[in-house]
Amino acid sequence: MNQYQQKVKIMSNKFEQYKGLMKRVADVHHTIALLHWDQETIMPSKGAAFRAQQIGTLAGISHEMFVDEKLGGLLNELNNDSSLNEREAKNIQETLKDYEKKKKYPTEFVEKLSVTVAESTHVWEKAREADDFSMFELHLQKVIELKRQECDILGYEEHPYNAMLDNFEPGAKVADLDVLFTDVRKQLVDFVKKIGQKAQVEDSFLKKHYDHQKQWDFGIDLLKQMHYDFDAGLQELSAHPFTTNFNPCDVRVTTRINENDFTSMTWSCIHEGGHALYEQGLSTDDYGLPTGDAISLGVHESQSRLWENHVGRGYGYWVANYPHLQGLFDENLSNVSLDEFYKAINLVKPSLIRVEADELTYHSHILIRYEIEKALMAGDVEVKDLPEYWNSKYKEYLDVDVPSNKEGVLQDIHWSSGLIGYFPTYSIGSFYSAQYFAKAKEEIPDLTSQIESGELKPLLDWLRDKIHQHGRMYSAEELCVKVTGEKLNFQHFMDYAEKKYSEIYDLKMEEAL
Ligand code: CO
């Protein structure tokens, strides 16, 4: 063995050691996810306090394992190793970034934040129920102060909010998002106003009685049609639909069923199914490594929204599925044509609650939260003034009066849980999904007719090939350029929106523009 071969052998041992450590961290991390899953689906309510303690203990263990000097030493050595292949080298770079970031947090701060957040989430639930912002105010104040400290701990350029955005959407910056959300305000908000001047579509048949079991069965059929792998996953019920993964061979989804409105189950099923297909498509060989992990929340959301909106709210999808649905709920839908149904499921109407919003006005809800979070991190608005600030923005962008804080500033769990910088990823994800779907249409010539016949495998294969398999091999921006030839471009979403909704609302294109 010559010197070079010897060096390669030592380094590949080191890489194996690194992989071993990362797998152990991932094992603890996914055990936490399993406890969460259990908590949200079947855990008895009295179990909550001990469960919080158990999750806290494991979170501490996984943090300690990750910031261990041994891993740090290995990473620094491997980072200078030219014998690693491209994918190995990328794993080391990304892990080193994560490592250095996690190292910045003093243990004291982590503990204080976790206690503060657990308490404020608990109080938020009660305050929302009681519709009483004053109950929550001081708790939110504490969370916001800690998050501002966190901006300083992490460090940032230009705007403190950049540090928060980077936690969920690495590389996202206020300077870029300001441009993006200005486009949303100027183009999308205006377009929605034009729609508002047109006759509204009829959707009352969606709110009739829809049997629980039949809805459940229909949802399972939709997941099967998407090629969600039931040998590597399952569906349960929960109060708020979500997806969780323990590895690519065990990715679970939840849905909720409202017997007086079947839309909630249907599109949450397709949405979570989209998230799950991404996770099921990650590399099993790279378990625990960055290249076996999703890129960002925005890219994750691009996958869920591509299926939910571009496929699941499209006409072709219901050409394939409406006869089946009509057969199941004959009493509600026998007199409703496919055209009427399609219009109803795409109704656009400004409203108060983000999670119930249609795919266009949704982004005004995010725009508002983006502006508020930015102002909170910069110290431009005080927590005590939030209800009024919130309500004035809802009037300005959505032209709705907010009757209560419960339906206003208290509606989302995110701020109470310390999730600042999370909301923008919902819009970023939607805009990515429009861009990716436009590309998929270009590259899969028969896509429209495939969807009309319920043949969704070619689309999934395309997503697997272009997006899923890479994990964090590329940044969100790099991947977008690689797949679509350009960076995130809001125009793809506007083109999609104008074309689809001009038809539904009978707007002439020149009126729409
Ligand atoms: Co989602």
# chains A, B, ... in the order shown; residues from 1 in each chain; ligands from 1

$ select_by_dssp --residues "region 98-187 of chain A" --states "helix (DSSP H, G or I)" --output "PyMOL selection string"
chain A and resi 98-103+107-130+133-154+161-168+174-187

$ residues_around --residues "Leu325 (chain A)" --least-positions-apart "4" --cutoff "8 Å" --atoms "only C-alpha atoms" --output "PyMOL selection string"
chain A and resi 218+321+329

$ residues_near_ligand --ligand "ligand 1" --cutoff "12 Å" --atoms "only C-alpha atoms and all ligand atoms" --output "number ranges by chain"
A: 240-244, 253-254, 267-276, 278, 296-309, 355, 422-423, 425-430

$ write_last_selection --atoms "C-alpha atoms" --output "CSV table (one decimal), in the first residue's frame"
chain,number,residue,atom,x,y,z
A,240,HIS,CA,-54.0,19.2,12.9
A,241,PRO,CA,-52.8,17.3,9.8
A,242,PHE,CA,-49.1,16.7,9.6
A,243,THR,CA,-46.4,14.4,8.2
A,244,THR,CA,-43.6,12.8,10.2
A,253,VAL,CA,-49.4,11.2,7.6
A,254,THR,CA,-52.4,12.4,9.4
A,267,TRP,CA,-56.9,18.5,0.4
A,268,SER,CA,-55.1,17.9,3.7
A,269,CYS,CA,-54.7,14.3,2.5
A,270,ILE,CA,-53.2,15.3,-0.8
A,271,HIS,CA,-51.0,18.0,0.8
A,272,GLU,CA,-49.5,15.7,3.5
A,273,GLY,CA,-49.2,13.0,0.8
A,274,GLY,CA,-47.0,15.4,-1.2
A,275,HIS,CA,-44.8,16.0,1.9
A,276,ALA,CA,-44.6,12.2,2.5
A,278,TYR,CA,-40.7,13.7,-0.7
A,296,SER,CA,-35.6,23.4,3.6
A,297,LEU,CA,-39.2,24.0,4.7
A,298,GLY,CA,-39.8,25.9,1.5
A,299,VAL,CA,-38.8,23.1,-0.8
A,300,HIS,CA,-40.7,20.7,1.4
A,301,GLU,CA,-43.8,22.8,1.0
A,302,SER,CA,-43.2,23.0,-2.7
A,303,GLN,CA,-43.8,19.3,-2.8
A,304,SER,CA,-47.0,19.3,-0.8
A,305,ARG,CA,-48.4,22.3,-2.6
A,306,LEU,CA,-47.6,21.0,-6.1
A,307,TRP,CA,-49.8,17.9,-5.3
A,308,GLU,CA,-52.4,19.8,-3.4
A,309,ASN,CA,-52.9,22.8,-5.8
A,355,VAL,CA,-55.4,27.7,7.3
A,422,TYR,CA,-41.4,29.9,9.5
A,423,PHE,CA,-44.4,31.6,7.9
A,425,THR,CA,-41.7,29.3,3.8
A,426,TYR,CA,-45.4,28.6,3.1
A,427,SER,CA,-45.4,31.2,0.3
A,428,ILE,CA,-41.9,30.4,-0.9
A,429,GLY,CA,-43.0,26.8,-1.2
A,430,SER,CA,-46.1,27.7,-3.2

$ closest_residue --among "A:Tyr210, A:Trp124, A:Phe191, A:Trp390" --to "His139 (chain A)" --atoms "only C-alpha atoms"
A:Trp124

$ residues_around --residues "region 52-69 of chain A" --least-positions-apart "5" --cutoff "10 Å" --atoms "only C-alpha atoms" --output "count of residues only"
32

$ residues_around --residues "Glu119 (chain A)" --least-positions-apart "6" --cutoff "12 Å" --atoms "only C-alpha atoms" --output "tab-separated table (two decimals) with all heavy atoms, in the first residue's frame"
chain	number	residue	atom	x	y	z
A	49	ALA	N	-47.67	15.63	30.57
A	49	ALA	CA	-46.57	16.21	31.33
A	49	ALA	C	-45.32	15.33	31.26
A	49	ALA	O	-44.22	15.81	30.99
A	49	ALA	CB	-46.99	16.41	32.78
A	52	ALA	N	-43.73	15.50	27.81
A	52	ALA	CA	-42.91	16.70	27.57
A	52	ALA	C	-41.53	16.50	28.19
A	52	ALA	O	-40.51	16.86	27.59
A	52	ALA	CB	-43.60	17.92	28.17
A	112	LYS	N	-33.58	27.91	28.64
A	112	LYS	CA	-34.51	29.01	28.93
A	112	LYS	C	-35.55	29.13	27.82
A	112	LYS	O	-36.75	29.28	28.09
A	112	LYS	CB	-33.72	30.31	29.07
A	112	LYS	CG	-34.52	31.41	29.72
A	112	LYS	CD	-33.64	32.59	30.07
A	112	LYS	CE	-34.50	33.73	30.57
A	112	LYS	NZ	-33.79	35.00	30.58
A	113	LEU	N	-35.08	29.05	26.59
A	113	LEU	CA	-36.00	29.15	25.46
A	113	LEU	C	-37.01	28.00	25.50
A	113	LEU	O	-38.22	28.21	25.31
A	113	LEU	CB	-35.24	29.15	24.14
A	113	LEU	CG	-36.08	29.30	22.87
A	113	LEU	CD1	-36.79	30.66	22.83
A	113	LEU	CD2	-35.25	29.14	21.60
A	125	GLU	N	-52.88	28.59	24.12
A	125	GLU	CA	-54.08	27.78	23.90
A	125	GLU	C	-55.25	28.30	24.71
A	125	GLU	O	-56.38	28.43	24.20
A	125	GLU	CB	-53.81	26.33	24.33
A	125	GLU	CG	-53.42	25.45	23.16
A	125	GLU	CD	-53.00	24.05	23.59
A	125	GLU	OE1	-53.63	23.50	24.52
A	125	GLU	OE2	-52.03	23.54	23.00
A	126	LYS	N	-54.97	28.62	25.97
A	126	LYS	CA	-56.02	29.13	26.85
A	126	LYS	C	-56.48	30.53	26.43
A	126	LYS	O	-57.67	30.83	26.43
A	126	LYS	CB	-55.52	29.18	28.29
A	126	LYS	CG	-55.23	27.80	28.87
A	126	LYS	CD	-55.07	27.90	30.38
A	126	LYS	CE	-55.53	26.70	31.13
A	126	LYS	NZ	-54.99	25.43	30.87
A	136	PHE	N	-51.96	36.53	27.16
A	136	PHE	CA	-50.83	35.99	26.39
A	136	PHE	C	-49.69	37.00	26.24
A	136	PHE	O	-48.54	36.63	26.06
A	136	PHE	CB	-51.37	35.58	25.01
A	136	PHE	CG	-50.36	34.97	24.06
A	136	PHE	CD1	-49.52	33.95	24.47
A	136	PHE	CD2	-50.28	35.41	22.74
A	136	PHE	CE1	-48.59	33.39	23.59
A	136	PHE	CE2	-49.37	34.86	21.86
A	136	PHE	CZ	-48.52	33.84	22.28
A	138	LEU	N	-47.64	39.06	27.95
A	138	LEU	CA	-46.33	39.01	28.62
A	138	LEU	C	-45.52	37.79	28.21
A	138	LEU	O	-44.30	37.85	28.10
A	138	LEU	CB	-46.49	39.06	30.13
A	138	LEU	CG	-46.81	40.45	30.68
A	138	LEU	CD1	-46.97	40.40	32.19
A	138	LEU	CD2	-45.74	41.47	30.28
A	139	HIS	N	-46.23	36.68	27.98
A	139	HIS	CA	-45.53	35.46	27.56
A	139	HIS	C	-44.94	35.65	26.16
A	139	HIS	O	-43.80	35.26	25.91
A	139	HIS	CB	-46.50	34.27	27.57
A	139	HIS	CG	-46.92	33.89	28.95
A	139	HIS	ND1	-46.22	32.98	29.71
A	139	HIS	CD2	-47.93	34.33	29.73
A	139	HIS	CE1	-46.80	32.86	30.90
A	139	HIS	NE2	-47.84	33.67	30.92
A	140	LEU	N	-45.72	36.24	25.28
A	140	LEU	CA	-45.22	36.47	23.93
A	140	LEU	C	-44.04	37.44	23.98
A	140	LEU	O	-43.04	37.28	23.27
A	140	LEU	CB	-46.34	37.00	23.02
A	140	LEU	CG	-45.92	37.22	21.56
A	140	LEU	CD1	-45.40	35.93	20.92
A	140	LEU	CD2	-47.10	37.76	20.73
A	142	LYS	N	-41.85	37.74	26.27
A	142	LYS	CA	-40.64	36.99	26.67
A	142	LYS	C	-40.08	36.19	25.50
A	142	LYS	O	-38.87	36.14	25.29
A	142	LYS	CB	-40.98	36.01	27.81
A	142	LYS	CG	-41.02	36.65	29.18
A	142	LYS	CD	-41.05	35.54	30.24
A	142	LYS	CE	-41.89	35.97	31.44
A	142	LYS	NZ	-42.31	34.82	32.25
A	143	VAL	N	-40.98	35.54	24.75
A	143	VAL	CA	-40.52	34.76	23.60
A	143	VAL	C	-39.82	35.67	22.59
A	143	VAL	O	-38.72	35.35	22.11
A	143	VAL	CB	-41.70	34.02	22.90
A	143	VAL	CG1	-41.24	33.32	21.63
A	143	VAL	CG2	-42.33	33.00	23.85
A	416	SER	N	-46.20	31.54	19.61
A	416	SER	CA	-46.13	31.04	20.99
A	416	SER	C	-45.05	29.96	21.10
A	416	SER	O	-44.43	29.79	22.15
A	416	SER	CB	-47.48	30.49	21.44
A	416	SER	OG	-47.75	29.25	20.81
A	417	SER	N	-44.82	29.23	20.01
A	417	SER	CA	-43.83	28.16	20.03
A	417	SER	C	-42.43	28.64	19.63
A	417	SER	O	-41.54	27.81	19.42
A	417	SER	CB	-44.25	27.05	19.07
A	417	SER	OG	-45.56	26.65	19.34
A	418	GLY	N	-42.29	29.94	19.45
A	418	GLY	CA	-40.97	30.48	19.10
A	418	GLY	C	-40.61	30.30	17.64
A	418	GLY	O	-39.46	30.46	17.25

$ closest_residue --among "A:Arg369, A:Lys147, A:Lys23, A:Lys395" --to "Val409 (chain A)" --atoms "only C-alpha atoms"
A:Arg369

$ atom_distance --atom1 "CA of Glu407 (chain A)" --atom2 "CA of Ala344 (chain A)"
23.9 Å

$ select_by_dssp --residues "region 195-282 of chain A" --states "strand (DSSP E)" --output "list in words"
Gln235, Glu236, Leu237, Thr243, Thr244, Asn245, Phe246, Asn247, Asp250, Val251, Arg252, Val253, Thr254 and Thr255 of chain A

$ closest_residue --among "A:Asp178, A:Glu169, A:Ala48, A:Pro106" --to "Glu371 (chain A)" --atoms "only C-alpha atoms"
A:Asp178

$ residues_around --residues "region 214-217 of chain A" --least-positions-apart "4" --cutoff "8 Å" --atoms "only C-alpha atoms" --output "VMD selection string"
chain A and resid 210 221 257 262 265 to 266 328

$ write_last_selection --atoms "all heavy atoms" --output "PDB file, in the first residue's frame"
ATOM      1  N   TYR A 210     -71.169  14.689   4.837  1.00  0.00           N
ATOM      2  CA  TYR A 210     -70.338  13.703   4.152  1.00  0.00           C
ATOM      3  C   TYR A 210     -69.880  12.660   5.169  1.00  0.00           C
ATOM      4  O   TYR A 210     -69.149  12.995   6.105  1.00  0.00           O
ATOM      5  CB  TYR A 210     -69.124  14.380   3.502  1.00  0.00           C
ATOM      6  CG  TYR A 210     -69.469  15.178   2.257  1.00  0.00           C
ATOM      7  CD1 TYR A 210     -69.940  16.491   2.351  1.00  0.00           C
ATOM      8  CD2 TYR A 210     -69.332  14.613   0.994  1.00  0.00           C
ATOM      9  CE1 TYR A 210     -70.268  17.219   1.212  1.00  0.00           C
ATOM     10  CE2 TYR A 210     -69.649  15.329  -0.150  1.00  0.00           C
ATOM     11  CZ  TYR A 210     -70.122  16.626  -0.035  1.00  0.00           C
ATOM     12  OH  TYR A 210     -70.441  17.341  -1.162  1.00  0.00           O
ATOM     13  N   ASP A 221     -57.769   6.109  -0.963  1.00  0.00           N
ATOM     14  CA  ASP A 221     -57.680   5.876  -2.415  1.00  0.00           C
ATOM     15  C   ASP A 221     -56.838   6.945  -3.110  1.00  0.00           C
ATOM     16  O   ASP A 221     -56.058   6.646  -4.012  1.00  0.00           O
ATOM     17  CB  ASP A 221     -59.082   5.853  -3.042  1.00  0.00           C
ATOM     18  CG  ASP A 221     -59.824   4.550  -2.720  1.00  0.00           C
ATOM     19  OD1 ASP A 221     -59.155   3.586  -2.292  1.00  0.00           O
ATOM     20  OD2 ASP A 221     -61.060   4.513  -2.874  1.00  0.00           O
ATOM     21  N   ILE A 257     -61.149  14.841   9.677  1.00  0.00           N
ATOM     22  CA  ILE A 257     -62.396  14.688   8.932  1.00  0.00           C
ATOM     23  C   ILE A 257     -63.476  15.552   9.558  1.00  0.00           C
ATOM     24  O   ILE A 257     -63.726  15.484  10.761  1.00  0.00           O
ATOM     25  CB  ILE A 257     -62.822  13.205   8.904  1.00  0.00           C
ATOM     26  CG1 ILE A 257     -61.810  12.402   8.064  1.00  0.00           C
ATOM     27  CG2 ILE A 257     -64.244  13.059   8.342  1.00  0.00           C
ATOM     28  CD1 ILE A 257     -62.094  10.920   7.977  1.00  0.00           C
ATOM     29  N   PHE A 262     -66.334  18.199   3.220  1.00  0.00           N
ATOM     30  CA  PHE A 262     -65.354  17.161   2.911  1.00  0.00           C
ATOM     31  C   PHE A 262     -64.045  17.737   2.365  1.00  0.00           C
ATOM     32  O   PHE A 262     -63.081  17.014   2.163  1.00  0.00           O
ATOM     33  CB  PHE A 262     -65.948  16.116   1.958  1.00  0.00           C
ATOM     34  CG  PHE A 262     -65.681  16.409   0.517  1.00  0.00           C
ATOM     35  CD1 PHE A 262     -64.738  15.687  -0.182  1.00  0.00           C
ATOM     36  CD2 PHE A 262     -66.352  17.420  -0.130  1.00  0.00           C
ATOM     37  CE1 PHE A 262     -64.463  15.964  -1.516  1.00  0.00           C
ATOM     38  CE2 PHE A 262     -66.094  17.709  -1.457  1.00  0.00           C
ATOM     39  CZ  PHE A 262     -65.144  16.981  -2.150  1.00  0.00           C
ATOM     40  N   MET A 265     -60.612  17.188   4.692  1.00  0.00           N
ATOM     41  CA  MET A 265     -59.947  15.888   4.589  1.00  0.00           C
ATOM     42  C   MET A 265     -59.239  15.754   3.235  1.00  0.00           C
ATOM     43  O   MET A 265     -58.059  15.417   3.167  1.00  0.00           O
ATOM     44  CB  MET A 265     -60.983  14.774   4.752  1.00  0.00           C
ATOM     45  CG  MET A 265     -60.441  13.359   4.748  1.00  0.00           C
ATOM     46  SD  MET A 265     -59.864  12.712   3.158  1.00  0.00           S
ATOM     47  CE  MET A 265     -61.353  12.757   2.148  1.00  0.00           C
ATOM     48  N   THR A 266     -59.970  16.054   2.156  1.00  0.00           N
ATOM     49  CA  THR A 266     -59.439  15.776   0.825  1.00  0.00           C
ATOM     50  C   THR A 266     -58.107  16.473   0.562  1.00  0.00           C
ATOM     51  O   THR A 266     -57.117  15.840   0.200  1.00  0.00           O
ATOM     52  CB  THR A 266     -60.461  16.195  -0.251  1.00  0.00           C
ATOM     53  OG1 THR A 266     -61.660  15.488   0.014  1.00  0.00           O
ATOM     54  CG2 THR A 266     -59.977  15.864  -1.642  1.00  0.00           C
ATOM     55  N   LEU A 328     -69.761   7.982  -4.487  1.00  0.00           N
ATOM     56  CA  LEU A 328     -69.740   7.824  -3.027  1.00  0.00           C
ATOM     57  C   LEU A 328     -70.765   8.722  -2.333  1.00  0.00           C
ATOM     58  O   LEU A 328     -71.374   8.338  -1.335  1.00  0.00           O
ATOM     59  CB  LEU A 328     -68.347   8.193  -2.476  1.00  0.00           C
ATOM     60  CG  LEU A 328     -67.237   7.168  -2.559  1.00  0.00           C
ATOM     61  CD1 LEU A 328     -65.919   7.798  -2.102  1.00  0.00           C
ATOM     62  CD2 LEU A 328     -67.559   5.958  -1.680  1.00  0.00           C
TER      63      LEU A 328
END

$ closest_residue --among "A:Val184, A:Ile413, A:Val251, A:Met43" --to "Ile366 (chain A)" --atoms "only C-alpha atoms"
A:Val184

$ atom_distance --atom1 "CA of Asn79 (chain A)" --atom2 "CA of Gly471 (chain A)"
19.4 Å

$ closest_residue --among "A:Gly155, A:Gly219, A:Gly171, A:Gly314" --to "Thr448 (chain A)" --atoms "only C-alpha atoms"
A:Gly314

$ atom_distance --atom1 "CA of His492 (chain A)" --atom2 "CA of His159 (chain A)"
27.9 Å

$ residues_around --residues "Tyr389 (chain A)" --least-positions-apart "3" --cutoff "12 Å" --atoms "only C-alpha atoms" --output "VMD selection string"
chain A and resid 368 to 369 371 to 373 375 to 376 380 to 386 392 to 396 402 405 408 to 409

$ residues_around --residues "Leu367 (chain A)" --least-positions-apart "2" --cutoff "8 Å" --atoms "only C-alpha atoms" --output "MDAnalysis selection string"
chainID A and resid 181 184:185 363:365 369:371 424

$ write_last_selection --atoms "all heavy atoms" --output "mmCIF file, in the first residue's frame"
data_model
loop_
_atom_site.group_PDB
_atom_site.id
_atom_site.type_symbol
_atom_site.label_atom_id
_atom_site.label_comp_id
_atom_site.auth_asym_id
_atom_site.auth_seq_id
_atom_site.Cartn_x
_atom_site.Cartn_y
_atom_site.Cartn_z
ATOM 1 N N PHE A 181 -42.407 39.811 -1.772
ATOM 2 C CA PHE A 181 -43.703 40.174 -1.184
ATOM 3 C C PHE A 181 -44.254 41.503 -1.723
ATOM 4 O O PHE A 181 -45.455 41.748 -1.636
ATOM 5 C CB PHE A 181 -43.627 40.158 0.347
ATOM 6 C CG PHE A 181 -43.693 38.756 0.903
ATOM 7 C CD1 PHE A 181 -42.591 38.162 1.500
ATOM 8 C CD2 PHE A 181 -44.862 38.006 0.790
ATOM 9 C CE1 PHE A 181 -42.646 36.852 1.981
ATOM 10 C CE2 PHE A 181 -44.929 36.705 1.270
ATOM 11 C CZ PHE A 181 -43.816 36.126 1.867
ATOM 12 N N VAL A 184 -46.152 40.188 -4.530
ATOM 13 C CA VAL A 184 -47.399 39.612 -4.026
ATOM 14 C C VAL A 184 -48.421 40.735 -3.816
ATOM 15 O O VAL A 184 -49.573 40.644 -4.234
ATOM 16 C CB VAL A 184 -47.168 38.847 -2.695
ATOM 17 C CG1 VAL A 184 -48.498 38.484 -2.039
ATOM 18 C CG2 VAL A 184 -46.333 37.583 -2.935
ATOM 19 N N ARG A 185 -47.955 41.818 -3.173
ATOM 20 C CA ARG A 185 -48.872 42.921 -2.832
ATOM 21 C C ARG A 185 -49.379 43.606 -4.100
ATOM 22 O O ARG A 185 -50.561 43.873 -4.248
ATOM 23 C CB ARG A 185 -48.137 43.912 -1.940
ATOM 24 C CG ARG A 185 -49.033 44.641 -0.983
ATOM 25 C CD ARG A 185 -48.221 45.471 -0.007
ATOM 26 N NE ARG A 185 -47.313 46.353 -0.718
ATOM 27 C CZ ARG A 185 -46.043 46.576 -0.358
ATOM 28 N NH1 ARG A 185 -45.534 45.965 0.680
ATOM 29 N NH2 ARG A 185 -45.285 47.401 -1.043
ATOM 30 N N HIS A 363 -51.686 33.989 0.404
ATOM 31 C CA HIS A 363 -50.403 34.698 0.455
ATOM 32 C C HIS A 363 -50.515 36.082 1.082
ATOM 33 O O HIS A 363 -49.516 36.629 1.538
ATOM 34 C CB HIS A 363 -49.771 34.722 -0.934
ATOM 35 C CG HIS A 363 -49.537 33.320 -1.426
ATOM 36 N ND1 HIS A 363 -48.603 32.485 -0.849
ATOM 37 C CD2 HIS A 363 -50.191 32.568 -2.351
ATOM 38 C CE1 HIS A 363 -48.665 31.288 -1.422
ATOM 39 N NE2 HIS A 363 -49.617 31.320 -2.336
ATOM 40 N N SER A 364 -51.715 36.640 1.130
ATOM 41 C CA SER A 364 -51.891 37.886 1.878
ATOM 42 C C SER A 364 -51.739 37.618 3.370
ATOM 43 O O SER A 364 -51.204 38.439 4.108
ATOM 44 C CB SER A 364 -53.268 38.493 1.614
ATOM 45 O OG SER A 364 -53.387 38.796 0.244
ATOM 46 N N HIS A 365 -52.220 36.463 3.818
ATOM 47 C CA HIS A 365 -52.057 36.094 5.235
ATOM 48 C C HIS A 365 -50.563 35.986 5.583
ATOM 49 O O HIS A 365 -50.144 36.377 6.665
ATOM 50 C CB HIS A 365 -52.732 34.741 5.524
ATOM 51 C CG HIS A 365 -54.226 34.760 5.386
ATOM 52 N ND1 HIS A 365 -55.068 34.952 6.463
ATOM 53 C CD2 HIS A 365 -55.035 34.622 4.305
ATOM 54 C CE1 HIS A 365 -56.335 34.904 6.037
ATOM 55 N NE2 HIS A 365 -56.335 34.699 4.725
ATOM 56 N N ARG A 369 -47.988 38.347 8.085
ATOM 57 C CA ARG A 369 -47.127 37.778 9.139
ATOM 58 C C ARG A 369 -45.654 38.099 8.885
ATOM 59 O O ARG A 369 -44.887 38.325 9.822
ATOM 60 C CB ARG A 369 -47.355 36.262 9.224
ATOM 61 C CG ARG A 369 -48.708 35.907 9.881
ATOM 62 C CD ARG A 369 -49.180 34.549 9.433
ATOM 63 N NE ARG A 369 -50.459 34.140 10.006
ATOM 64 C CZ ARG A 369 -51.660 34.576 9.624
ATOM 65 N NH1 ARG A 369 -51.762 35.493 8.659
ATOM 66 N NH2 ARG A 369 -52.759 34.130 10.196
ATOM 67 N N TYR A 370 -45.272 38.099 7.620
ATOM 68 C CA TYR A 370 -43.889 38.457 7.269
ATOM 69 C C TYR A 370 -43.576 39.884 7.731
ATOM 70 O O TYR A 370 -42.564 40.132 8.391
ATOM 71 C CB TYR A 370 -43.694 38.326 5.752
ATOM 72 C CG TYR A 370 -42.399 38.906 5.232
ATOM 73 C CD1 TYR A 370 -41.182 38.271 5.496
ATOM 74 C CD2 TYR A 370 -42.382 40.093 4.496
ATOM 75 C CE1 TYR A 370 -39.985 38.807 5.034
ATOM 76 C CE2 TYR A 370 -41.192 40.637 4.033
ATOM 77 C CZ TYR A 370 -40.000 39.994 4.295
ATOM 78 O OH TYR A 370 -38.812 40.529 3.845
ATOM 79 N N GLU A 371 -44.453 40.804 7.411
ATOM 80 C CA GLU A 371 -44.209 42.203 7.791
ATOM 81 C C GLU A 371 -44.174 42.369 9.311
ATOM 82 O O GLU A 371 -43.360 43.113 9.848
ATOM 83 C CB GLU A 371 -45.281 43.113 7.170
ATOM 84 C CG GLU A 371 -45.128 43.189 5.653
ATOM 85 C CD GLU A 371 -46.071 44.189 4.993
ATOM 86 O OE1 GLU A 371 -46.996 44.693 5.675
ATOM 87 O OE2 GLU A 371 -45.875 44.449 3.792
ATOM 88 N N PRO A 424 -42.922 32.605 6.136
ATOM 89 C CA PRO A 424 -42.616 32.874 4.722
ATOM 90 C C PRO A 424 -42.378 31.609 3.896
ATOM 91 O O PRO A 424 -42.602 31.616 2.689
ATOM 92 C CB PRO A 424 -41.329 33.711 4.800
ATOM 93 C CG PRO A 424 -41.362 34.349 6.138
ATOM 94 C CD PRO A 424 -42.016 33.349 7.052
#
